>>> print(open('work.cif').read())   # mmCIF, C-alpha atoms
data_final
loop_
_atom_site.label_atom_id
_atom_site.label_comp_id
_atom_site.auth_asym_id
_atom_site.auth_seq_id
_atom_site.Cartn_x
_atom_site.Cartn_y
_atom_site.Cartn_z
CA MET Z 1 118.98 101.81 88.75
CA ARG Z 2 120.41 103.94 91.56
CA PHE Z 3 119.16 107.20 90.05
CA LYS Z 4 116.47 106.11 87.55
CA LEU Z 5 114.24 104.39 90.08
CA PRO Z 6 114.33 107.10 92.79
CA PHE Z 7 113.81 109.94 90.31
CA LEU Z 8 110.96 108.17 88.51
CA ALA Z 9 109.24 107.10 91.74
CA ILE Z 10 109.56 110.53 93.36
CA GLY Z 11 108.44 112.25 90.15
CA LEU Z 12 105.34 110.07 89.92
CA GLU Z 13 104.50 110.58 93.59
CA LEU Z 14 104.86 114.35 93.28
CA ALA Z 15 102.54 114.24 90.28
CA MET Z 16 100.02 112.26 92.36
CA ILE Z 17 100.20 114.77 95.23
CA VAL Z 18 99.64 117.74 92.93
CA SER Z 19 96.78 115.96 91.15
CA PHE Z 20 95.12 115.03 94.43
CA ALA Z 21 95.44 118.63 95.60
CA LEU Z 22 93.60 119.78 92.47
CA PHE Z 23 90.94 117.09 92.05
CA VAL Z 24 90.46 114.87 95.12
CA HIS Z 25 88.53 115.81 98.24
CA TYR Z 26 86.86 114.12 101.17
CA GLU Z 27 83.27 113.12 100.75
CA THR Z 28 81.07 116.14 101.49
CA ASP Z 29 80.63 116.82 105.19
CA HIS Z 30 76.86 116.49 104.88
CA ASN Z 31 77.03 112.98 103.40
CA VAL Z 32 79.67 111.76 105.83
CA HIS Z 33 77.59 113.09 108.73
CA GLN Z 34 74.58 111.25 107.38
CA GLN Z 35 76.48 107.97 106.95
CA ILE Z 36 78.42 107.88 110.22
CA ASN Z 37 76.51 110.02 112.73
CA THR Z 38 73.02 109.19 111.58
CA THR Z 39 70.48 107.92 114.08
CA ASP Z 40 69.33 105.29 111.59
CA PRO Z 41 71.11 102.00 112.48
CA GLY Z 42 70.67 100.77 108.92
CA ASP Z 43 72.83 103.55 107.49
CA VAL Z 44 75.54 102.93 110.07
CA ASP Z 45 75.50 99.20 109.31
CA LYS Z 46 75.78 99.92 105.58
CA PHE Z 47 78.85 102.09 106.12
CA LEU Z 48 80.52 99.53 108.38
CA VAL Z 49 79.78 96.68 105.95
CA SER Z 50 81.35 98.66 103.11
CA TYR Z 51 84.49 99.27 105.15
CA ALA Z 52 84.70 95.60 106.16
CA LEU Z 53 84.53 94.57 102.49
CA PHE Z 54 87.20 97.15 101.65
CA GLN Z 55 89.49 95.64 104.30
CA ASP Z 56 89.02 92.18 102.79
CA VAL Z 57 89.84 93.39 99.29
CA HIS Z 58 92.85 95.31 100.64
CA VAL Z 59 94.23 92.14 102.23
CA MET Z 60 93.79 90.28 98.95
CA ILE Z 61 95.71 92.93 97.02
CA PHE Z 62 98.66 93.37 99.37
CA VAL Z 63 98.94 89.95 101.03
CA GLY Z 64 97.18 87.47 98.76
CA PHE Z 65 98.61 88.51 95.41
CA GLY Z 66 102.03 89.23 96.89
CA PHE Z 67 102.53 85.88 98.59
CA LEU Z 68 100.96 83.90 95.75
CA MET Z 69 103.96 84.90 93.61
CA THR Z 70 106.64 83.85 96.14
CA PHE Z 71 106.95 80.35 94.67
CA LEU Z 72 110.22 81.16 92.87
CA LYS Z 73 113.11 80.07 95.08
CA LYS Z 74 115.16 83.28 94.67
CA TYR Z 75 112.49 85.88 93.98
CA GLY Z 76 110.50 86.23 97.20
CA PHE Z 77 111.65 89.78 98.00
CA SER Z 78 110.57 91.03 94.59
CA SER Z 79 107.29 89.11 94.60
CA VAL Z 80 106.08 90.65 97.85
CA GLY Z 81 108.09 93.89 97.75
CA VAL Z 82 107.41 95.01 94.19
CA ASN Z 83 103.79 93.95 94.67
CA LEU Z 84 103.53 96.46 97.54
CA PHE Z 85 105.40 99.12 95.53
CA ILE Z 86 103.24 99.04 92.41
CA ALA Z 87 99.98 98.50 94.31
CA ALA Z 88 100.63 101.64 96.40
CA LEU Z 89 101.22 103.67 93.23
CA GLY Z 90 98.37 101.98 91.39
CA LEU Z 91 95.67 102.72 93.92
CA GLN Z 92 96.54 106.42 93.77
CA TRP Z 93 96.49 106.53 89.99
CA GLY Z 94 93.36 104.37 89.89
CA THR Z 95 91.55 106.82 92.17
CA LEU Z 96 92.48 109.69 89.86
CA ILE Z 97 91.86 108.18 86.45
CA ARG Z 98 88.59 106.47 87.41
CA GLY Z 99 87.42 109.62 89.15
CA ILE Z 100 88.11 111.75 86.10
CA LEU Z 101 86.21 109.37 83.82
CA HIS Z 102 83.22 108.76 86.09
CA HIS Z 103 82.87 112.25 87.56
CA HIS Z 104 83.13 114.01 84.20
CA HIS Z 105 85.96 116.37 85.16
CA GLN Z 106 84.30 117.44 88.40
CA LYS Z 107 85.82 117.16 91.88
CA ILE Z 108 86.45 113.60 93.05
CA HIS Z 109 84.87 112.95 96.44
CA VAL Z 110 86.41 109.85 98.02
CA GLN Z 111 84.02 107.26 99.40
CA ILE Z 112 84.64 103.68 100.52
CA GLU Z 113 83.48 102.49 97.09
CA ASN Z 114 86.13 104.67 95.42
CA MET Z 115 88.79 103.01 97.55
CA ILE Z 116 87.50 99.54 96.66
CA ASN Z 117 87.51 100.37 92.95
CA ALA Z 118 91.03 101.80 93.25
CA ASP Z 119 92.16 98.46 94.66
CA PHE Z 120 90.35 96.71 91.82
CA SER Z 121 92.25 98.76 89.24
CA THR Z 122 95.50 97.77 90.96
CA ALA Z 123 94.55 94.09 90.74
CA THR Z 124 94.78 94.20 86.93
CA VAL Z 125 98.44 95.24 87.13
CA LEU Z 126 99.25 92.58 89.72
CA ILE Z 127 97.74 89.92 87.45
CA SER Z 128 99.85 91.14 84.52
CA PHE Z 129 102.88 91.29 86.84
CA GLY Z 130 102.57 87.52 87.21
CA ALA Z 131 103.07 87.00 83.47
CA VAL Z 132 106.38 88.89 83.42
CA LEU Z 133 107.54 88.04 86.95
CA GLY Z 134 111.32 87.77 87.23
CA LYS Z 135 112.05 89.19 83.78
CA ILE Z 136 111.56 92.94 84.13
CA SER Z 137 112.83 95.66 86.46
CA PRO Z 138 110.93 97.71 89.09
CA ILE Z 139 111.25 100.72 86.79
CA GLN Z 140 109.46 98.85 84.01
CA MET Z 141 106.74 97.84 86.46
CA LEU Z 142 106.11 101.47 87.44
CA ILE Z 143 105.65 102.40 83.78
CA MET Z 144 103.44 99.38 83.17
CA THR Z 145 101.29 100.33 86.18
CA ILE Z 146 100.53 103.81 84.86
CA ILE Z 147 99.79 102.66 81.30
CA GLU Z 148 97.74 99.59 82.19
CA ILE Z 149 95.49 101.27 84.75
CA THR Z 150 94.77 104.04 82.24
CA ILE Z 151 93.70 101.52 79.59
CA PHE Z 152 91.82 99.44 82.17
CA ALA Z 153 89.83 102.46 83.31
CA GLY Z 154 88.88 103.25 79.71
CA ASN Z 155 87.71 99.69 79.07
CA GLU Z 156 85.84 99.55 82.39
CA TYR Z 157 84.01 102.76 81.45
CA LEU Z 158 83.20 101.31 78.02
CA VAL Z 159 81.84 98.07 79.52
CA GLY Z 160 79.81 99.68 82.30
CA GLU Z 161 78.65 102.97 80.81
CA ILE Z 162 78.47 102.33 77.05
CA PHE Z 163 77.71 98.61 76.73
CA LYS Z 164 75.76 98.60 80.03
CA ALA Z 165 77.00 95.07 80.72
CA SER Z 166 77.00 93.28 84.07
CA ASP Z 167 80.36 92.19 85.49
CA ILE Z 168 80.01 92.62 89.24
CA GLY Z 169 82.95 90.37 90.13
CA ALA Z 170 85.03 91.63 87.18
CA SER Z 171 85.72 88.28 85.51
CA MET Z 172 86.07 90.16 82.23
CA THR Z 173 87.24 93.66 83.14
CA ILE Z 174 89.87 92.67 85.72
CA HIS Z 175 90.81 89.01 85.38
CA ALA Z 176 90.60 88.42 81.63
CA PHE Z 177 91.88 91.94 80.96
CA GLY Z 178 94.87 91.64 83.32
CA ALA Z 179 95.81 88.19 82.04
CA TYR Z 180 95.73 88.98 78.33
CA PHE Z 181 97.41 92.35 78.85
CA GLY Z 182 100.24 90.57 80.65
CA LEU Z 183 100.47 87.81 78.04
CA ALA Z 184 100.66 90.32 75.19
CA ALA Z 185 103.42 92.24 76.98
CA ALA Z 186 105.24 88.99 77.77
CA GLY Z 187 105.10 88.03 74.10
CA ILE Z 188 106.78 91.27 73.07
CA LEU Z 189 109.35 90.90 75.87
CA TYR Z 190 110.13 87.30 74.91
CA ARG Z 191 113.66 86.24 75.80
CA PRO Z 192 115.13 83.58 73.46
CA GLY Z 193 117.83 82.90 76.04
CA LEU Z 194 115.17 81.56 78.42
CA ARG Z 195 113.45 79.26 75.94
CA ARG Z 196 115.02 76.20 77.61
CA GLY Z 197 114.21 77.45 81.09
CA HIS Z 198 116.38 78.94 83.81
CA ASP Z 199 117.96 77.46 86.91
CA ASN Z 200 116.15 79.98 89.10
CA GLU Z 201 112.76 79.43 87.49
CA GLU Z 202 111.74 76.79 89.99
CA SER Z 203 110.49 76.47 93.53
CA VAL Z 204 111.76 74.89 96.72
CA TYR Z 205 109.73 73.41 99.56
CA HIS Z 206 109.47 76.56 101.66
CA SER Z 207 108.82 78.91 98.70
CA ASP Z 208 105.82 76.82 97.65
CA LEU Z 209 104.59 76.89 101.23
CA PHE Z 210 104.78 80.71 101.28
CA ALA Z 211 102.88 80.84 97.99
CA MET Z 212 100.17 78.66 99.54
CA ILE Z 213 99.70 81.36 102.19
CA GLY Z 214 98.77 83.75 99.40
CA THR Z 215 96.34 81.18 98.00
CA LEU Z 216 94.59 80.79 101.35
CA PHE Z 217 94.19 84.54 101.87
CA LEU Z 218 92.75 84.95 98.38
CA TRP Z 219 90.45 81.94 98.73
CA ILE Z 220 89.06 83.06 102.08
CA PHE Z 221 88.36 86.65 101.04
CA TRP Z 222 87.19 86.07 97.44
CA PRO Z 223 83.47 86.29 98.33
CA SER Z 224 84.18 89.85 99.52
CA PHE Z 225 85.96 90.65 96.24
CA ASN Z 226 82.97 89.56 94.15
CA SER Z 227 80.38 91.26 96.36
CA ALA Z 228 82.20 94.45 97.39
CA ILE Z 229 80.47 96.79 94.93
CA ALA Z 230 77.23 94.84 94.49
CA ASP Z 231 74.00 96.58 95.47
CA PRO Z 232 73.43 96.03 99.20
CA GLY Z 233 70.70 93.54 99.94
CA GLU Z 234 69.75 90.58 97.78
CA LYS Z 235 72.38 91.10 95.08
CA GLN Z 236 75.23 91.36 97.57
CA TYR Z 237 73.91 88.34 99.42
CA ARG Z 238 73.74 86.30 96.20
CA ALA Z 239 77.25 87.37 95.21
CA ILE Z 240 78.64 86.11 98.51
CA VAL Z 241 76.74 82.80 98.44
CA ASN Z 242 77.46 82.03 94.78
CA THR Z 243 81.17 82.75 95.18
CA TYR Z 244 81.34 80.73 98.39
CA PHE Z 245 79.98 77.56 96.78
CA SER Z 246 81.81 78.08 93.49
CA LEU Z 247 85.12 78.19 95.35
CA ALA Z 248 84.27 75.09 97.39
CA ALA Z 249 83.40 73.03 94.31
CA CYS Z 250 86.45 74.41 92.54
CA VAL Z 251 88.83 73.12 95.23
CA VAL Z 252 87.48 69.55 95.11
CA THR Z 253 87.60 69.45 91.31
CA ALA Z 254 91.08 70.99 91.17
CA TYR Z 255 92.46 68.32 93.50
CA ALA Z 256 90.79 65.59 91.46
CA PHE Z 257 92.11 66.79 88.11
CA SER Z 258 95.57 67.51 89.47
CA SER Z 259 95.83 63.89 90.55
CA LEU Z 260 94.32 62.73 87.25
CA VAL Z 261 96.82 64.48 84.97
CA GLU Z 262 99.98 63.96 87.01
CA HIS Z 263 102.27 60.94 86.96
CA ARG Z 264 101.23 58.23 89.42
CA GLY Z 265 98.33 60.35 90.62
CA LYS Z 266 100.39 62.74 92.72
CA LEU Z 267 99.16 66.26 93.43
CA ASP Z 268 100.98 69.21 91.86
CA MET Z 269 101.40 72.21 94.18
CA VAL Z 270 101.20 74.61 91.22
CA HIS Z 271 97.68 73.36 90.50
CA ILE Z 272 96.64 73.61 94.14
CA GLN Z 273 98.02 77.14 94.53
CA ASN Z 274 96.22 78.45 91.47
CA ALA Z 275 93.41 76.27 90.12
CA THR Z 276 91.65 76.26 93.51
CA LEU Z 277 91.01 79.99 93.01
CA ALA Z 278 89.65 79.73 89.46
CA GLY Z 279 86.07 79.32 90.70
CA GLY Z 280 86.15 82.76 92.27
CA VAL Z 281 87.30 84.24 88.97
CA ALA Z 282 84.78 82.39 86.79
CA VAL Z 283 81.66 83.07 88.84
CA GLY Z 284 82.42 86.80 89.08
CA THR Z 285 80.40 88.06 86.11
CA CYS Z 286 77.15 86.44 87.21
CA ALA Z 287 77.88 86.34 90.94
CA ASP Z 288 74.98 88.64 91.87
CA MET Z 289 72.50 87.00 89.48
CA GLU Z 290 69.85 84.53 90.57
CA ILE Z 291 71.56 81.51 89.03
CA GLY Z 292 71.21 79.12 91.99
CA PRO Z 293 74.02 77.72 94.16
CA TYR Z 294 74.27 74.53 92.09
CA ILE Z 295 75.00 76.52 88.93
CA SER Z 296 77.74 78.42 90.72
CA MET Z 297 79.20 75.05 91.75
CA ILE Z 298 79.13 73.88 88.13
CA ILE Z 299 80.89 77.07 87.05
CA GLY Z 300 83.54 76.57 89.74
CA SER Z 301 84.11 72.97 88.70
CA ILE Z 302 84.47 73.88 85.03
CA ALA Z 303 86.92 76.64 85.93
CA ALA Z 304 89.03 74.22 87.97
CA MET Z 305 89.16 71.71 85.10
CA VAL Z 306 90.10 74.38 82.58
CA SER Z 307 92.76 75.81 84.89
CA VAL Z 308 94.48 72.48 85.66
CA LEU Z 309 94.47 71.44 82.01
CA GLY Z 310 95.83 74.86 81.08
CA PHE Z 311 98.77 74.48 83.45
CA LYS Z 312 99.45 70.98 82.19
CA PHE Z 313 99.18 71.52 78.45
CA LEU Z 314 98.75 75.19 77.44
CA THR Z 315 101.58 76.77 79.43
CA PRO Z 316 104.28 74.61 77.74
CA PHE Z 317 102.60 75.20 74.37
CA PHE Z 318 102.61 78.97 74.87
CA ALA Z 319 106.28 78.94 75.85
CA THR Z 320 107.53 76.75 73.00
CA LYS Z 321 105.19 77.57 70.11
CA LEU Z 322 103.78 81.04 70.78
CA ARG Z 323 106.94 82.45 72.41
CA ILE Z 324 105.01 83.66 75.46
CA GLN Z 325 106.76 82.95 78.76
CA ASP Z 326 103.99 83.13 81.39
CA THR Z 327 105.91 82.88 84.67
CA CYS Z 328 102.95 82.49 87.05
CA GLY Z 329 100.50 80.92 84.62
CA VAL Z 330 98.10 83.87 84.78
CA HIS Z 331 96.42 82.59 81.63
CA ASN Z 332 95.24 79.54 83.54
CA LEU Z 333 94.18 81.28 86.76
CA HIS Z 334 92.77 84.55 85.39
CA GLY Z 335 92.59 84.41 81.58
CA LEU Z 336 90.74 81.18 80.84
CA PRO Z 337 88.50 81.32 83.94
CA GLY Z 338 87.78 84.97 83.10
CA VAL Z 339 86.58 83.89 79.66
CA VAL Z 340 84.53 81.11 81.29
CA GLY Z 341 82.99 83.79 83.51
CA GLY Z 342 82.21 85.98 80.54
CA VAL Z 343 80.51 83.11 78.70
CA ALA Z 344 78.61 82.17 81.87
CA GLY Z 345 77.39 85.76 82.07
CA ILE Z 346 76.15 85.66 78.49
CA VAL Z 347 74.24 82.41 79.15
CA ALA Z 348 72.85 83.65 82.49
CA VAL Z 349 71.56 86.85 80.91
CA ALA Z 350 70.10 84.96 77.94
CA LEU Z 351 68.19 82.56 80.21
CA GLY Z 352 67.37 85.06 82.95
CA PRO Z 353 64.13 87.02 83.34
CA SER Z 354 65.76 90.47 83.47
CA ASN Z 355 65.58 92.85 80.53
CA LYS Z 356 68.21 95.14 81.99
CA PHE Z 357 71.09 93.32 80.25
CA THR Z 358 71.29 91.49 76.93
CA PRO Z 359 73.57 88.70 75.69
CA ALA Z 360 74.89 91.08 73.03
CA MET Z 361 75.96 93.55 75.73
CA GLN Z 362 77.74 90.82 77.63
CA ALA Z 363 79.47 89.49 74.50
CA ALA Z 364 80.60 92.99 73.56
CA ALA Z 365 82.03 93.47 77.05
CA LEU Z 366 84.00 90.23 76.83
CA GLY Z 367 85.33 91.05 73.37
CA SER Z 368 86.21 94.59 74.42
CA SER Z 369 88.06 93.43 77.52
CA ILE Z 370 90.19 90.90 75.65
CA GLY Z 371 90.78 93.09 72.59
CA THR Z 372 91.68 96.18 74.57
CA ALA Z 373 93.97 94.16 76.82
CA VAL Z 374 95.87 92.57 73.94
CA GLY Z 375 96.27 95.87 72.11
CA GLY Z 376 97.34 97.71 75.25
CA GLY Z 377 99.72 94.92 76.24
CA LEU Z 378 101.42 94.93 72.84
CA ILE Z 379 101.96 98.70 72.97
CA THR Z 380 103.19 98.54 76.56
CA GLY Z 381 105.54 95.69 75.72
CA LEU Z 382 107.10 97.75 72.93
CA ILE Z 383 107.64 100.66 75.33
CA LEU Z 384 109.14 98.40 78.00
CA LYS Z 385 111.46 96.77 75.47
CA LEU Z 386 113.44 99.99 75.06
CA PRO Z 387 116.92 99.30 76.52
CA ILE Z 388 116.79 102.16 79.01
CA TRP Z 389 114.78 100.72 81.90
CA GLY Z 390 117.42 98.66 83.70
CA GLN Z 391 116.02 95.26 82.76
CA PRO Z 392 118.06 92.28 84.01
CA PRO Z 393 120.21 90.18 81.64
CA ASP Z 394 119.02 86.63 80.96
CA GLN Z 395 121.45 85.04 83.41
CA ASN Z 396 120.17 87.23 86.26
CA CYS Z 397 116.46 86.71 85.75
CA TYR Z 398 114.37 85.41 88.65
CA ASP Z 399 117.01 86.59 91.14
CA ASP Z 400 116.39 89.11 93.92
CA SER Z 401 120.06 90.02 94.26
CA VAL Z 402 119.92 92.11 91.06
CA TYR Z 403 117.68 94.73 92.70
CA TRP Z 404 117.77 93.91 96.43
CA GLU Z 405 120.31 93.63 99.21
CA VAL Z 406 119.98 89.98 100.22
CA PRO Z 407 121.43 88.07 103.18
CA ARG Z 408 124.92 86.67 102.63
CA TRP Z 409 123.85 83.05 102.96
CA ARG Z 410 121.21 83.63 100.29
CA GLU Z 411 123.78 84.99 97.82
CA HIS Z 412 125.88 81.86 98.17
CA ASP Z 413 123.14 79.27 98.58
CA ASN Z 414 124.18 77.23 95.52
CA HIS Z 415 127.72 76.99 96.84
CA PHE Z 416 126.25 76.28 100.27
CA TYR Z 417 124.27 73.25 99.18
CA GLU Z 418 126.90 71.89 96.82
CA HIS Z 419 129.54 71.69 99.55
CA GLY Z 420 127.80 70.07 102.43
CA GLY Z 421 125.65 72.73 104.07
CA GLN Z 422 126.32 74.45 107.34
CA ASN Z 423 129.63 72.75 108.15
CA GLN Z 424 131.12 73.98 104.91
CA LEU Z 425 129.77 77.49 105.53
CA LYS Z 426 131.46 77.54 108.94
CA LEU Z 427 134.77 76.57 107.35
CA GLU Z 428 134.43 79.34 104.75
CA VAL Z 429 133.67 81.92 107.41
#
>>> encode(input="work.cif", output="C-alpha cells")
Amino acid sequence: MRFKLPFLAIGLELAMIVSFALFVHYETDHNVHQQINTTDPGDVDKFLVSYALFQDVHVMIFVGFGFLMTFLKKYGFSSVGVNLFIAALGLQWGTLIRGILHHHHQKIHVQIENMINADFSTATVLISFGAVLGKISPIQMLIMTIIEITIFAGNEYLVGEIFKASDIGASMTIHAFGAYFGLAAAGILYRPGLRRGHDNEESVYHSDLFAMIGTLFLWIFWPSFNSAIADPGEKQYRAIVNTYFSLAACVVTAYAFSSLVEHRGKLDMVHIQNATLAGGVAVGTCADMEIGPYISMIIGSIAAMVSVLGFKFLTPFFATKLRIQDTCGVHNLHGLPGVVGGVAGIVAVALGPSNKFTPAMQAAALGSSIGTAVGGGLITGLILKLPIWGQPPDQNCYDDSVYWEVPRWREHDNHFYEHGGQNQLKLEV
C-alpha cells in the first residue's frame, strides 16, 4: 500500500497532465467573449445558469454521494475520502474519454457542459463504489474508475449517437449502468467469509445522521442534476418541475411503505436515506418530456415503493442466494429505479406526439446500458480479484484503520464501550 498507491496515483495523474497538454484547451477566445462579454443579457444569463447548474451537480458528486455512504460505523473516512479521491481522478478521465469520442479526435475545448458531463461520468463510479464499499482497497477503486468510465463513455455514445435515444436525466446511462456494473463486480468479488455478515457492517446513531446529510444534499439538488444538460427553455423548465414533484411524491410514499413493511410500523433509516431519492432517478429519462406533473408524481411513488421493497426483500435474497453483497443497496436506489425510468421513457415516447424518438430506440438504450454494465462489471471484477491490489482481509473489512490513520479512541472503541466508557479510558491512559 505504501508504494503501490502513491506510484499508481502519481502515474495516472502524470498521464492525465500529458493528455490534457495534447488534447484539452480552453473554449475558443471568440466563443468565450461572446458568452461572457456579450451585450445581449440573454447570453450572459444562459452562461450563468449553466454555471449554477454545474455547481449544484458538483455538490451532489462530492458532498451528497460521499456523505450518503457514511452510514457504516467505522468507515466514514473512506466513504467521504475515497469518494473525493476517485471523483477527482474520474472527472479528469471523463473529460478526456468523452471528448475523444464526441469530438472525433479533434481538440477538446472545455465548456461548462463538458464539466457537467465529466461529473456525470464520475457519478457512475460512485454508484458502483456503493456496491463494493468496505470490501476493496483505494488502489482497486482507482483501477475501477479508469475502466468503468471508459465503458460508460462508450455506452453513452452508443445510446445518444447510434440509438438516438432520450435519457436527459440519465436514468439508464448513469444510474442503471452504475448499479449493475457495481453488482456484477461485487458478484465476482464475493467473500464467503462475509456471508453471515460482519461486526462492522452496521451503523450507529451518529453515522446514520451523517448519511442523512448526504441524502438531503442529493434530494435538494436533484432537479439540477436532471436538467443540467437539457435544452434551455421549455425542456429545462419541464425537467426541473417534473423532478421536483417526483421527489416530493417519492418521499411521502417512501415513508408510508417503510412503516408498512417494518415491525410495529417503525420507520427504517436505511429506507429514508435511500428510497426518498428514487423518484429523482426514475423520472430522469422522461424528465424533459411533456408528461404532466401528476405523471412525474406517479413515477416517483412507484420508484419509492420498488426501492423500499427492494431493501426489505431483494437485498437479503441477493446476498444469500445470488452471492452478491451490495453494501449500500445501490440496486434499490439506482438499479431498480433506473429500470423504472427506462420503462417510463419507453411508455412516454410511445404515447407522446414526437417522432424524434421511438420506443424501440428507448428499449435498445435500456438493454444496452444494463448489458454493457454487467459485462464490464464482470471483466472489472476479474481484474480486481487479482491478489496484487492490497485488498483487505475479511476480518478487516468495513474498517478505516486498514488504510487511514484514525484517532486513538476510534481504534479502541469496542474496548471503550465494553468497559464503561470514559472513566475506563481515563484509567487506561
>>> closest_residue(input="work.cif", among="Z:Val125, Z:Ile97, Z:Leu72, Z:Met1", to="Z:Met16", atoms="all atoms listed in the file")
Z:Ile97
>>> resolve_selection(input="work.cif", expression="the PyMOL selection byres ((chain Z and resi 247) around 9)", output="ChimeraX atom specification")
/Z:219,222-223,242-246,248-252,276-280,283,296-297,300-301
>>> write_last_selection(input="work.cif", atoms="C-alpha atoms", output="PDB file, keeping the file's coordinate frame")
ATOM      1  CA  TRP Z 219      90.450  81.940  98.730  1.00  0.00           C
ATOM      2  CA  TRP Z 222      87.190  86.070  97.440  1.00  0.00           C
ATOM      3  CA  PRO Z 223      83.470  86.290  98.330  1.00  0.00           C
ATOM      4  CA  ASN Z 242      77.460  82.030  94.780  1.00  0.00           C
ATOM      5  CA  THR Z 243      81.170  82.750  95.180  1.00  0.00           C
ATOM      6  CA  TYR Z 244      81.340  80.730  98.390  1.00  0.00           C
ATOM      7  CA  PHE Z 245      79.980  77.560  96.780  1.00  0.00           C
ATOM      8  CA  SER Z 246      81.810  78.080  93.490  1.00  0.00           C
ATOM      9  CA  ALA Z 248      84.270  75.090  97.390  1.00  0.00           C
ATOM     10  CA  ALA Z 249      83.400  73.030  94.310  1.00  0.00           C
ATOM     11  CA  CYS Z 250      86.450  74.410  92.540  1.00  0.00           C
ATOM     12  CA  VAL Z 251      88.830  73.120  95.230  1.00  0.00           C
ATOM     13  CA  VAL Z 252      87.480  69.550  95.110  1.00  0.00           C
ATOM     14  CA  THR Z 276      91.650  76.260  93.510  1.00  0.00           C
ATOM     15  CA  LEU Z 277      91.010  79.990  93.010  1.00  0.00           C
ATOM     16  CA  ALA Z 278      89.650  79.730  89.460  1.00  0.00           C
ATOM     17  CA  GLY Z 279      86.070  79.320  90.700  1.00  0.00           C
ATOM     18  CA  GLY Z 280      86.150  82.760  92.270  1.00  0.00           C
ATOM     19  CA  VAL Z 283      81.660  83.070  88.840  1.00  0.00           C
ATOM     20  CA  SER Z 296      77.740  78.420  90.720  1.00  0.00           C
ATOM     21  CA  MET Z 297      79.200  75.050  91.750  1.00  0.00           C
ATOM     22  CA  GLY Z 300      83.540  76.570  89.740  1.00  0.00           C
ATOM     23  CA  SER Z 301      84.110  72.970  88.700  1.00  0.00           C
TER      24      SER Z 301
END
>>> atom_distance(input="work.cif", atom1="atom CA of Z:Ala185", atom2="atom CA of Z:Gly377")
4.6 Å
>>> closest_residue(input="work.cif", among="Z:Leu133, Z:Ala344, Z:Ile108, Z:Val308", to="Z:Gln325", atoms="all atoms listed in the file")
Z:Leu133
>>> resolve_selection(input="work.cif", expression="the PyMOL selection byres ((chain Z and resi 27) around 6)", output="list in words")
Tyr26, Thr28, His109 and Val110 of chain Z
>>> resolve_selection(input="work.cif", expression="the PyMOL selection byres ((chain Z and resi 136-144) around 8)", output="count of residues only")
24
>>> decode(input="work.cif", residues="stretch 199-212 of chain Z", atoms="N, CA and C atoms", output="compact mmCIF listing (two decimals), in the first residue's frame")
# COMPACT_ATOMS: atom_id res chain seq x y z
N ASP Z 199 -19.21 -7.69 11.94
CA ASP Z 199 -19.50 -6.81 13.07
C ASP Z 199 -19.48 -5.34 12.69
N ASN Z 200 -18.64 -4.98 11.72
CA ASN Z 200 -18.54 -3.57 11.33
C ASN Z 200 -19.54 -3.16 10.27
N GLU Z 201 -20.29 -4.12 9.74
CA GLU Z 201 -21.25 -3.81 8.68
C GLU Z 201 -22.59 -3.37 9.29
N GLU Z 202 -22.52 -2.33 10.08
CA GLU Z 202 -23.72 -1.78 10.70
C GLU Z 202 -23.48 -0.31 11.01
N SER Z 203 -24.55 0.36 11.34
CA SER Z 203 -24.46 1.79 11.63
C SER Z 203 -24.61 2.05 13.12
N VAL Z 204 -24.30 3.28 13.51
CA VAL Z 204 -24.61 3.77 14.84
C VAL Z 204 -25.41 5.06 14.65
N TYR Z 205 -25.90 5.62 15.72
CA TYR Z 205 -26.81 6.76 15.63
C TYR Z 205 -26.19 7.91 14.83
N HIS Z 206 -24.96 8.30 15.18
CA HIS Z 206 -24.38 9.46 14.52
C HIS Z 206 -23.98 9.17 13.08
N SER Z 207 -23.61 7.91 12.75
CA SER Z 207 -23.23 7.61 11.36
C SER Z 207 -24.46 7.68 10.44
N ASP Z 208 -25.60 7.24 10.93
CA ASP Z 208 -26.83 7.37 10.14
C ASP Z 208 -27.23 8.83 9.96
N LEU Z 209 -26.95 9.63 10.97
CA LEU Z 209 -27.26 11.05 10.87
C LEU Z 209 -26.38 11.73 9.81
N PHE Z 210 -25.09 11.36 9.77
CA PHE Z 210 -24.21 11.90 8.74
C PHE Z 210 -24.67 11.46 7.35
N ALA Z 211 -25.11 10.21 7.23
CA ALA Z 211 -25.58 9.73 5.93
C ALA Z 211 -26.82 10.51 5.49
N MET Z 212 -27.65 10.90 6.45
CA MET Z 212 -28.85 11.67 6.11
C MET Z 212 -28.48 13.05 5.57
